[in-house]
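Structure first, then comments.
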Amino acid sequence: MDALGIIFTILIVIAIIFAILYFVGKKMQKKQAASAHLIQQNKQVISALIIDKKRTKITEANMPKSVMSEVPKRMRFQKVPLVKIKVGPQIITMFTDKNTFEALPVKKIVKLEVSGGYILGYTTQKKGE
């Protein structure tokens, strides 16, 4: 094979890889959009006391076995933002995204927008805080 044939083969392989990545990305975008719609549909507002927030591995967070079985294997050993809250007499550990995690006040009573075990956003109880 001459040099031109090798370069042409490499370009074809790269084009195939980009095509595969395009279609996989499109499929994942559709799945994420469906999940976001489902999360917004099941959103509830609860009043809770934020006890603690930290980034930790899910395996170290004392999550229930039902939650652990649903988490993908690659995510089990990554550090994720977790928030420990008190709702009534019950203490719960919940997931949140990075922006909400950084903005949540600790040791304050706030109204949380929750969907399942995920915190979507919050508002403070008192005016001026």
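Residues in the structure tokens are numbered from 1 in each chain, the chains being A, B, ... in the order shown, and ligands are numbered from 1 in the order shown.
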May I have the residues within 7 Å of Ala48 of chain A as a PyMOL selection string, using only C-alpha atoms and disregarding those fewer than 5 positions away in the same chain? chain A and resi 85-87+109-112
Go ahead and save the picked residues with all heavy atoms, as an mmCIF file, in the first residue's frame.
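This went into result_15.cif:
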data_model
loop_
_atom_site.group_PDB
_atom_site.id
_atom_site.type_symbol
_atom_site.label_atom_id
_atom_site.label_comp_id
_atom_site.auth_asym_id
_atom_site.auth_seq_id
_atom_site.Cartn_x
_atom_site.Cartn_y
_atom_site.Cartn_z
ATOM 1 N N ILE A 85 -30.837 16.363 54.380
ATOM 2 C CA ILE A 85 -31.903 17.264 54.802
ATOM 3 C C ILE A 85 -32.793 16.577 55.829
ATOM 4 O O ILE A 85 -32.805 15.354 55.935
ATOM 5 C CB ILE A 85 -32.771 17.729 53.599
ATOM 6 C CG1 ILE A 85 -33.486 16.538 52.956
ATOM 7 C CG2 ILE A 85 -31.945 18.481 52.597
ATOM 8 C CD1 ILE A 85 -34.486 16.936 51.909
ATOM 9 N N LYS A 86 -33.513 17.400 56.585
ATOM 10 C CA LYS A 86 -34.470 16.895 57.561
ATOM 11 C C LYS A 86 -35.847 17.390 57.149
ATOM 12 O O LYS A 86 -36.114 18.579 57.110
ATOM 13 C CB LYS A 86 -34.129 17.381 58.961
ATOM 14 C CG LYS A 86 -35.056 16.817 60.021
ATOM 15 C CD LYS A 86 -34.617 17.208 61.413
ATOM 16 C CE LYS A 86 -35.554 16.560 62.413
ATOM 17 N NZ LYS A 86 -35.194 16.877 63.778
ATOM 18 N N VAL A 87 -36.732 16.431 56.841
ATOM 19 C CA VAL A 87 -38.114 16.725 56.477
ATOM 20 C C VAL A 87 -38.975 16.118 57.562
ATOM 21 O O VAL A 87 -39.097 14.903 57.655
ATOM 22 C CB VAL A 87 -38.480 16.126 55.103
ATOM 23 C CG1 VAL A 87 -39.906 16.475 54.736
ATOM 24 C CG2 VAL A 87 -37.516 16.598 54.040
ATOM 25 N N ILE A 109 -33.708 26.641 57.071
ATOM 26 C CA ILE A 109 -34.938 26.023 56.593
ATOM 27 C C ILE A 109 -35.279 26.674 55.249
ATOM 28 O O ILE A 109 -35.373 27.894 55.150
ATOM 29 C CB ILE A 109 -36.091 26.220 57.590
ATOM 30 C CG1 ILE A 109 -35.777 25.511 58.893
ATOM 31 C CG2 ILE A 109 -37.389 25.708 57.001
ATOM 32 C CD1 ILE A 109 -36.801 25.730 59.985
ATOM 33 N N VAL A 110 -35.416 25.849 54.222
ATOM 34 C CA VAL A 110 -35.703 26.337 52.875
ATOM 35 C C VAL A 110 -36.825 25.506 52.255
ATOM 36 O O VAL A 110 -37.139 24.418 52.719
ATOM 37 C CB VAL A 110 -34.449 26.264 51.967
ATOM 38 C CG1 VAL A 110 -33.372 27.194 52.437
ATOM 39 C CG2 VAL A 110 -33.924 24.853 51.878
ATOM 40 N N LYS A 111 -37.429 26.071 51.222
ATOM 41 C CA LYS A 111 -38.408 25.322 50.434
ATOM 42 C C LYS A 111 -37.664 24.746 49.234
ATOM 43 O O LYS A 111 -37.107 25.495 48.432
ATOM 44 C CB LYS A 111 -39.551 26.223 49.975
ATOM 45 C CG LYS A 111 -40.464 26.599 51.095
ATOM 46 C CD LYS A 111 -41.699 27.281 50.574
ATOM 47 C CE LYS A 111 -42.615 27.567 51.751
ATOM 48 N NZ LYS A 111 -43.906 28.084 51.321
ATOM 49 N N LEU A 112 -37.660 23.424 49.137
ATOM 50 C CA LEU A 112 -36.941 22.742 48.076
ATOM 51 C C LEU A 112 -37.891 22.273 46.984
ATOM 52 O O LEU A 112 -38.986 21.805 47.270
ATOM 53 C CB LEU A 112 -36.211 21.516 48.638
ATOM 54 C CG LEU A 112 -35.140 21.768 49.692
ATOM 55 C CD1 LEU A 112 -34.656 20.458 50.260
ATOM 56 C CD2 LEU A 112 -33.988 22.536 49.092
#
Run DSSP on the backbone of this structure and report the residues of chain A it assigns to helix (DSSP H, G or I), as an MDAnalysis selection string. chainID A and resid 3:41 58:60 65:70 73:75 98:103
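Picture a line from atom CA of Gly121 of chain A to atom CA of Lys43 of chain A; it runs 10.1 Å.
You will find atom CA of Met28 of chain A at 18.7 Å from atom CA of Asp97 of chain A.
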Exercise: Val106 of chain A partners within 9 Å, only C-alpha atoms, chain neighbours under 2 positions left out, as a VMD selection string: chain A and resid 49 to 53 104 108 to 109
Write the residues of the preceding selection, restricted to N, CA and C atoms, as a PDB file, in the first residue's frame.
ATOM      1  N   LEU A  49     -35.033  21.382  56.442  1.00  0.00           N
ATOM      2  CA  LEU A  49     -33.837  21.952  57.054  1.00  0.00           C
ATOM      3  C   LEU A  49     -32.624  21.302  56.409  1.00  0.00           C
ATOM      4  N   ILE A  50     -31.720  22.118  55.887  1.00  0.00           N
ATOM      5  CA  ILE A  50     -30.486  21.602  55.292  1.00  0.00           C
ATOM      6  C   ILE A  50     -29.517  21.328  56.439  1.00  0.00           C
ATOM      7  N   ILE A  51     -29.181  20.067  56.654  1.00  0.00           N
ATOM      8  CA  ILE A  51     -28.270  19.697  57.735  1.00  0.00           C
ATOM      9  C   ILE A  51     -26.822  19.791  57.278  1.00  0.00           C
ATOM     10  N   ASP A  52     -26.530  19.176  56.139  1.00  0.00           N
ATOM     11  CA  ASP A  52     -25.152  19.099  55.682  1.00  0.00           C
ATOM     12  C   ASP A  52     -25.134  18.932  54.173  1.00  0.00           C
ATOM     13  N   LYS A  53     -24.071  19.387  53.546  1.00  0.00           N
ATOM     14  CA  LYS A  53     -23.878  19.138  52.121  1.00  0.00           C
ATOM     15  C   LYS A  53     -22.413  18.830  51.896  1.00  0.00           C
ATOM     16  N   LEU A 104     -26.969  26.281  47.939  1.00  0.00           N
ATOM     17  CA  LEU A 104     -27.792  25.905  49.096  1.00  0.00           C
ATOM     18  C   LEU A 104     -27.166  26.368  50.407  1.00  0.00           C
ATOM     19  N   LYS A 108     -30.192  26.023  57.458  1.00  0.00           N
ATOM     20  CA  LYS A 108     -31.318  26.931  57.221  1.00  0.00           C
ATOM     21  C   LYS A 108     -32.521  26.114  56.779  1.00  0.00           C
ATOM     22  N   ILE A 109     -33.708  26.641  57.071  1.00  0.00           N
ATOM     23  CA  ILE A 109     -34.938  26.023  56.593  1.00  0.00           C
ATOM     24  C   ILE A 109     -35.279  26.674  55.249  1.00  0.00           C
TER      25      ILE A 109
END
With a distance cut-off of 9 Å and only C-alpha atoms, select the neighbouring residues of segment 59-61 of chain A, excluding the residue or stretch itself and same-chain residues fewer than 4 positions from it, and output the selection as an MDAnalysis selection string. chainID A and resid 68 76:77 82 93
Would you mind writing down, as a PyMOL selection string, each residue of segment 40-80 of chain A that DSSP on the backbone assigns to strand (DSSP E or B)? chain A and resi 44-57+79-80
